[in-house]
Amino acid sequence: MNLKSTFAACSIRAAVAAVLLASTASAVSAEMLDLEKDELKLGFIKLTDMAPLAIAYEKGFFEDEGLFVTLEPQANWKVLLDRVITGELDGAHMLAGQPLAATIGYGTKAHIVTPFSMDLNGNGITVSNDVWAMMKEHIPVGEDGKPVHPIKADALKPVVEKFKAEGKSFNLGMVFPVSTHNYELRYWLASGGINPGYYASGDISGQIKADALLSVTPPPQMPATLEAGTIVGYCVGEPWNQAAVFKGIGVPVITDYEIWKNNPEKVFGLTKDFTEKYPNTTLALTKALIRAAEWLDADNNANRAEAVEILSRSEYVGADAEVIANSMTGTFEYEKGDKREVPDFNVFFRHYATYPYYSDATWYLTQMRRWGQIPDHKDDAWYAETAKSVYLPDVYMKAAELLIEEGNAKKEDFPFGTDGYKPATSDFIDGVTYDGKTPNAYIDSLSIGLKSGQKVEGSEIVGG
């Protein structure tokens, strides 16, 4: 072998060695996090949007990060939050409002944070068959003979007034006082001129001055409570709207995608203490959940059928696969037989769904203030500071960077360069513009609700 060919052979061997070294380094980098705690118990409620947890477990994404995870369903949102606070759970699938409410001391006081938003959309508002029959008189019909969507609460207002004239209360269910469902239901009602009621320090029913009375009903119990006549409608996540259609006991009239396009829904919650004590474990958890979310939305939802089968198992959601598939596979059935394409009803990764935006946190805080859960006026700086104390985009982006380095994610799938605020949007049922950087101006622009300087005292609104 001449010198030239010897040199070429050496160069090839060096190149191969470099590739092998690089691939080995990449494989090792996935295990580089020195986990402070590797055995974890995580909680969830039996809803479709717990999917990232189930997928991270079933597809081995937790194990890839060196985590040995137990997933445990919880009885209700309060029990779930309490168990995270006490450390019985290391973290959990949470309502987006829960970490915020706990941190500001509404209900249980504890500093809860989130590095990961679990999904967008996923909820609906369902009414009883009798209420639907009355609403239909006020809903325009398209050329196909079906109701024109989105259906506004304007169609419900005469029904509520009829109940009131007959001395009957109009009772609606939602899942928790600081749930997305509570605020979405209130937003929809108020946009149609129906007052959903206020909270006050001495009255946490949320029913002060209410035209419609909202109260808590656990998600899996919604259909049975509707069927019993205790409530005449509810706002809940899937599969419990589609369950009403399958049972023939109610009609979903609107999805939250139609109330606020691509609204944030659940988050993954941890105590601030946990993230400070176990920073690498927090990163590892976030990495695994990002991979699960990406899997759920990959290739135009190609994995959704498999996800439906997994979620239908008793250890997860435990509902019929057919019911879960009705919304998880890009469709949604309103009135029986009226099945429509809603490709973004459940979004787990696209549209930067998993990034914890400060503007999302701020929207929830504006609704808490709007309805009196935050009793006194706060300046705009307070909203920004509170959002930044709860939402942890820095942790999220660090996890994303590690995944990109390992070849398990693409840079373009993450919002590099963002300041944590989405652009102002008017993608709401009433067309009102929301800008997360000017929360008070937004609150004051809403037709029903507390304004700057106002508060609830007794049963009256004072100030302003």
# chains A, B, ... in the order shown; residues from 1 in each chain; ligands from 1
$ residues_around --residues "Ile45 (chain A)" --least-positions-apart "2" --cutoff "7 Å" --atoms "only C-alpha atoms" --output "PyMOL selection string"
chain A and resi 47+73-74+76
$ write_last_selection --atoms "N, CA and C atoms" --output "PDB file, in the first residue's frame"
ATOM      1  N   LEU A  47     -59.139  11.607  32.339  1.00  0.00           N
ATOM      2  CA  LEU A  47     -59.556  12.431  31.215  1.00  0.00           C
ATOM      3  C   LEU A  47     -58.609  12.178  30.043  1.00  0.00           C
ATOM      4  N   PRO A  73     -54.351   7.188  39.307  1.00  0.00           N
ATOM      5  CA  PRO A  73     -55.537   8.049  39.176  1.00  0.00           C
ATOM      6  C   PRO A  73     -55.974   8.591  40.540  1.00  0.00           C
ATOM      7  N   GLN A  74     -56.512   9.813  40.530  1.00  0.00           N
ATOM      8  CA  GLN A  74     -56.941  10.464  41.772  1.00  0.00           C
ATOM      9  C   GLN A  74     -58.451  10.676  41.765  1.00  0.00           C
ATOM     10  N   ASN A  76     -60.355  13.260  42.754  1.00  0.00           N
ATOM     11  CA  ASN A  76     -60.812  14.560  42.260  1.00  0.00           C
ATOM     12  C   ASN A  76     -59.643  15.544  42.265  1.00  0.00           C
TER      13      ASN A  76
END
$ closest_atom_pairs --of "region 387-406 of chain A" --to "region 54-70 of chain A" --cutoff "12 Å" --atoms "only C-alpha atoms" --output "JSON lines"
{"residue": "A:Ala399", "atom": "CA", "partner": "A:Glu65", "partner_atom": "CA", "distance": 11.2}
{"residue": "A:Leu402", "atom": "CA", "partner": "A:Glu65", "partner_atom": "CA", "distance": 11.3}
{"residue": "A:Leu403", "atom": "CA", "partner": "A:Glu65", "partner_atom": "CA", "distance": 10.7}
{"residue": "A:Glu406", "atom": "CA", "partner": "A:Asp64", "partner_atom": "CA", "distance": 11.7}
$ closest_residue --among "A:Ala51, A:Leu120, A:Met135, A:Ala424" --to "Tyr257 (chain A)" --atoms "only C-alpha atoms"
A:Leu120
$ closest_atom_pairs --of "region 111-148 of chain A" --to "region 269-281 of chain A" --cutoff "12 Å" --atoms "only C-alpha atoms" --output "Markdown table"
| residue | atom | partner | partner_atom | distance |
| --- | --- | --- | --- | --- |
| A:His111 | CA | A:Lys272 | CA | 5.7 |
| A:Ile112 | CA | A:Thr271 | CA | 4.4 |
| A:Val113 | CA | A:Leu270 | CA | 5.5 |
| A:Thr114 | CA | A:Gly269 | CA | 4.9 |
| A:Pro115 | CA | A:Gly269 | CA | 7.8 |
| A:Phe116 | CA | A:Gly269 | CA | 8.0 |
| A:Ser117 | CA | A:Gly269 | CA | 9.2 |
| A:Met118 | CA | A:Gly269 | CA | 10.0 |
$ write_last_selection --atoms "C-alpha atoms" --output "PDB file, in the first residue's frame"
ATOM      1  CA  HIS A 111     -46.141  27.426  45.661  1.00  0.00           C
ATOM      2  CA  ILE A 112     -46.920  25.173  42.699  1.00  0.00           C
ATOM      3  CA  VAL A 113     -45.118  25.577  39.382  1.00  0.00           C
ATOM      4  CA  THR A 114     -45.232  24.136  35.885  1.00  0.00           C
ATOM      5  CA  PRO A 115     -42.501  23.607  33.282  1.00  0.00           C
ATOM      6  CA  PHE A 116     -44.868  21.937  30.810  1.00  0.00           C
ATOM      7  CA  SER A 117     -48.284  22.663  29.298  1.00  0.00           C
ATOM      8  CA  MET A 118     -50.024  19.381  28.525  1.00  0.00           C
TER       9      MET A 118
END
$ closest_atom_pairs --of "region 240-339 of chain A" --to "region 359-379 of chain A" --cutoff "12 Å" --atoms "only C-alpha atoms" --output "JSON lines"
{"residue": "A:Trp260", "atom": "CA", "partner": "A:Trp363", "partner_atom": "CA", "distance": 11.3}
{"residue": "A:Asn262", "atom": "CA", "partner": "A:Asp360", "partner_atom": "CA", "distance": 10.7}
{"residue": "A:Asn263", "atom": "CA", "partner": "A:Asp360", "partner_atom": "CA", "distance": 8.1}
{"residue": "A:Pro264", "atom": "CA", "partner": "A:Asp360", "partner_atom": "CA", "distance": 6.6}
{"residue": "A:Glu265", "atom": "CA", "partner": "A:Asp360", "partner_atom": "CA", "distance": 9.4}
{"residue": "A:Lys266", "atom": "CA", "partner": "A:Asp360", "partner_atom": "CA", "distance": 11.1}
{"residue": "A:Val267", "atom": "CA", "partner": "A:Ala361", "partner_atom": "CA", "distance": 10.5}
$ write_last_selection --atoms "C-alpha atoms" --output "CSV table (one decimal), in the first residue's frame"
chain,number,residue,atom,x,y,z
A,260,TRP,CA,-61.1,30.5,22.5
A,262,ASN,CA,-56.2,26.9,20.8
A,263,ASN,CA,-56.7,27.7,24.4
A,264,PRO,CA,-54.3,26.2,27.0
A,265,GLU,CA,-55.9,23.4,29.0
A,266,LYS,CA,-53.9,21.3,31.5
A,267,VAL,CA,-50.4,21.6,32.9
$ residues_around --residues "Thr230 (chain A)" --least-positions-apart "6" --cutoff "10 Å" --atoms "only C-alpha atoms" --output "ChimeraX atom specification"
/A:170-173,222,224
$ select_by_dssp --residues "region 216-407 of chain A" --states "alpha helix (DSSP H)" --output "ChimeraX atom specification"
/A:222-228,240-247,256-259,272-277,279-301,304-311,321-328,358-370,380-390,393-406
$ select_by_dssp --residues "region 188-336 of chain A" --states "strand (DSSP E or B)" --output "PyMOL selection string"
chain A and resi 198-200+203-208+213-216+233-237+250-255+260+264+266-271+331-333
$ write_last_selection --atoms "N, CA and C atoms" --output "short mmCIF file (atom, residue, chain, number, x, y, z; two decimals), in the first residue's frame"
data_model
loop_
_atom_site.label_atom_id
_atom_site.label_comp_id
_atom_site.auth_asym_id
_atom_site.auth_seq_id
_atom_site.Cartn_x
_atom_site.Cartn_y
_atom_site.Cartn_z
N TYR A 198 -70.65 35.86 40.85
CA TYR A 198 -69.37 36.32 41.40
C TYR A 198 -69.01 35.57 42.67
N TYR A 199 -67.72 35.59 42.96
CA TYR A 199 -67.17 35.07 44.22
C TYR A 199 -66.88 36.26 45.13
N ALA A 200 -66.89 36.01 46.44
CA ALA A 200 -66.51 37.03 47.41
C ALA A 200 -65.81 36.35 48.57
N ASP A 203 -68.24 34.43 50.52
CA ASP A 203 -69.14 33.57 49.76
C ASP A 203 -68.38 33.01 48.56
N ILE A 204 -67.91 31.77 48.69
CA ILE A 204 -67.11 31.18 47.63
C ILE A 204 -67.94 30.26 46.72
N SER A 205 -69.26 30.44 46.75
CA SER A 205 -70.13 29.65 45.88
C SER A 205 -69.99 30.07 44.42
N GLY A 206 -69.61 31.33 44.20
CA GLY A 206 -69.53 31.84 42.84
C GLY A 206 -70.89 32.14 42.24
N GLN A 207 -71.91 32.26 43.07
CA GLN A 207 -73.27 32.42 42.56
C GLN A 207 -73.91 33.76 42.91
N ILE A 208 -73.12 34.72 43.39
CA ILE A 208 -73.65 36.05 43.71
C ILE A 208 -74.10 36.74 42.42
N LEU A 213 -76.57 29.06 37.77
CA LEU A 213 -75.87 28.64 38.98
C LEU A 213 -74.87 27.53 38.66
N LEU A 214 -73.59 27.85 38.77
CA LEU A 214 -72.53 26.89 38.48
C LEU A 214 -72.04 26.23 39.77
N SER A 215 -71.88 24.92 39.73
CA SER A 215 -71.37 24.20 40.89
C SER A 215 -70.47 23.05 40.43
N VAL A 216 -69.70 22.52 41.36
CA VAL A 216 -68.70 21.49 41.03
C VAL A 216 -69.33 20.10 40.91
N GLY A 233 -76.86 21.03 32.38
CA GLY A 233 -75.77 21.15 31.44
C GLY A 233 -74.46 21.18 32.18
N TYR A 234 -73.35 21.08 31.43
CA TYR A 234 -72.04 21.09 32.08
C TYR A 234 -70.94 21.43 31.08
N CYS A 235 -69.79 21.81 31.62
CA CYS A 235 -68.58 22.00 30.84
C CYS A 235 -67.54 21.04 31.38
N VAL A 236 -66.98 20.21 30.49
CA VAL A 236 -66.06 19.16 30.94
C VAL A 236 -65.14 18.78 29.78
N GLY A 237 -64.07 18.09 30.11
CA GLY A 237 -63.17 17.54 29.09
C GLY A 237 -63.67 16.19 28.62
N GLY A 250 -77.85 13.97 26.23
CA GLY A 250 -77.51 15.38 26.11
C GLY A 250 -76.84 15.70 24.79
N VAL A 251 -76.66 17.00 24.56
CA VAL A 251 -76.09 17.47 23.30
C VAL A 251 -74.97 18.46 23.58
N PRO A 252 -73.73 18.17 23.14
CA PRO A 252 -72.66 19.16 23.23
C PRO A 252 -72.96 20.29 22.24
N VAL A 253 -73.02 21.51 22.73
CA VAL A 253 -73.41 22.63 21.87
C VAL A 253 -72.21 23.42 21.34
N ILE A 254 -71.08 23.36 22.04
CA ILE A 254 -69.91 24.11 21.61
C ILE A 254 -68.65 23.51 22.23
N THR A 255 -67.54 23.60 21.51
CA THR A 255 -66.25 23.16 22.06
C THR A 255 -65.47 24.39 22.51
N TRP A 260 -62.43 29.82 22.57
CA TRP A 260 -61.12 30.46 22.46
C TRP A 260 -60.21 29.52 21.69
N PRO A 264 -55.06 27.12 26.16
CA PRO A 264 -54.31 26.17 26.99
C PRO A 264 -55.25 25.45 27.94
N LYS A 266 -54.57 21.79 30.26
CA LYS A 266 -53.94 21.26 31.48
C LYS A 266 -52.45 21.58 31.51
N VAL A 267 -51.87 21.45 32.69
CA VAL A 267 -50.42 21.61 32.85
C VAL A 267 -49.91 20.45 33.71
N PHE A 268 -48.59 20.29 33.73
CA PHE A 268 -47.97 19.32 34.63
C PHE A 268 -47.45 20.11 35.83
N GLY A 269 -48.01 19.82 37.01
CA GLY A 269 -47.70 20.61 38.20
C GLY A 269 -46.77 19.92 39.18
N LEU A 270 -45.88 20.70 39.77
CA LEU A 270 -44.92 20.25 40.78
C LEU A 270 -44.82 21.34 41.84
N THR A 271 -44.38 20.98 43.03
CA THR A 271 -44.12 22.03 44.01
C THR A 271 -42.82 22.74 43.62
N THR A 331 -62.40 14.39 15.09
CA THR A 331 -63.81 14.69 14.84
C THR A 331 -64.49 15.00 16.16
N PHE A 332 -65.71 15.52 16.09
CA PHE A 332 -66.49 15.77 17.30
C PHE A 332 -67.95 15.65 16.92
N GLU A 333 -68.69 14.87 17.73
CA GLU A 333 -70.12 14.68 17.46
C GLU A 333 -70.92 15.59 18.38
#
$ residues_around --residues "Ser445 (chain A)" --least-positions-apart "3" --cutoff "8 Å" --atoms "only C-alpha atoms" --output "CSV table (one decimal) with C-alpha atoms, in the first residue's frame"
chain,number,residue,atom,x,y,z
A,432,VAL,CA,-62.7,40.7,22.2
A,441,ALA,CA,-57.3,46.9,29.9
A,442,TYR,CA,-58.5,43.4,28.8
$ closest_residue --among "A:Glu137, A:Ile125, A:Ile194, A:Arg304" --to "Met174 (chain A)" --atoms "only C-alpha atoms"
A:Ile125
$ closest_residue --among "A:Asp344, A:Glu385, A:Asp419, A:Glu184" --to "Asn121 (chain A)" --atoms "only C-alpha atoms"
A:Asp344
$ atom_distance --atom1 "CA of Lys247 (chain A)" --atom2 "CA of Asn123 (chain A)"
18.2 Å
$ atom_distance --atom1 "CA of Glu166 (chain A)" --atom2 "CA of Asp130 (chain A)"
15.3 Å
$ residues_around --residues "Asp427 (chain A)" --least-positions-apart "2" --cutoff "9 Å" --atoms "only C-alpha atoms" --output "PyMOL selection string"
chain A and resi 258-262+425+429-434
$ closest_residue --among "A:Asn195, A:Gln98, A:Ser314, A:Thr386" --to "Val175 (chain A)" --atoms "only C-alpha atoms"
A:Gln98
$ closest_residue --among "A:Ala155, A:Ala288, A:Ala165, A:Leu40" --to "Ala409 (chain A)" --atoms "only C-alpha atoms"
A:Ala288
$ closest_residue --among "A:Pro177, A:Gly43, A:Gly192, A:Gly197" --to "Lys157 (chain A)" --atoms "only C-alpha atoms"
A:Gly192
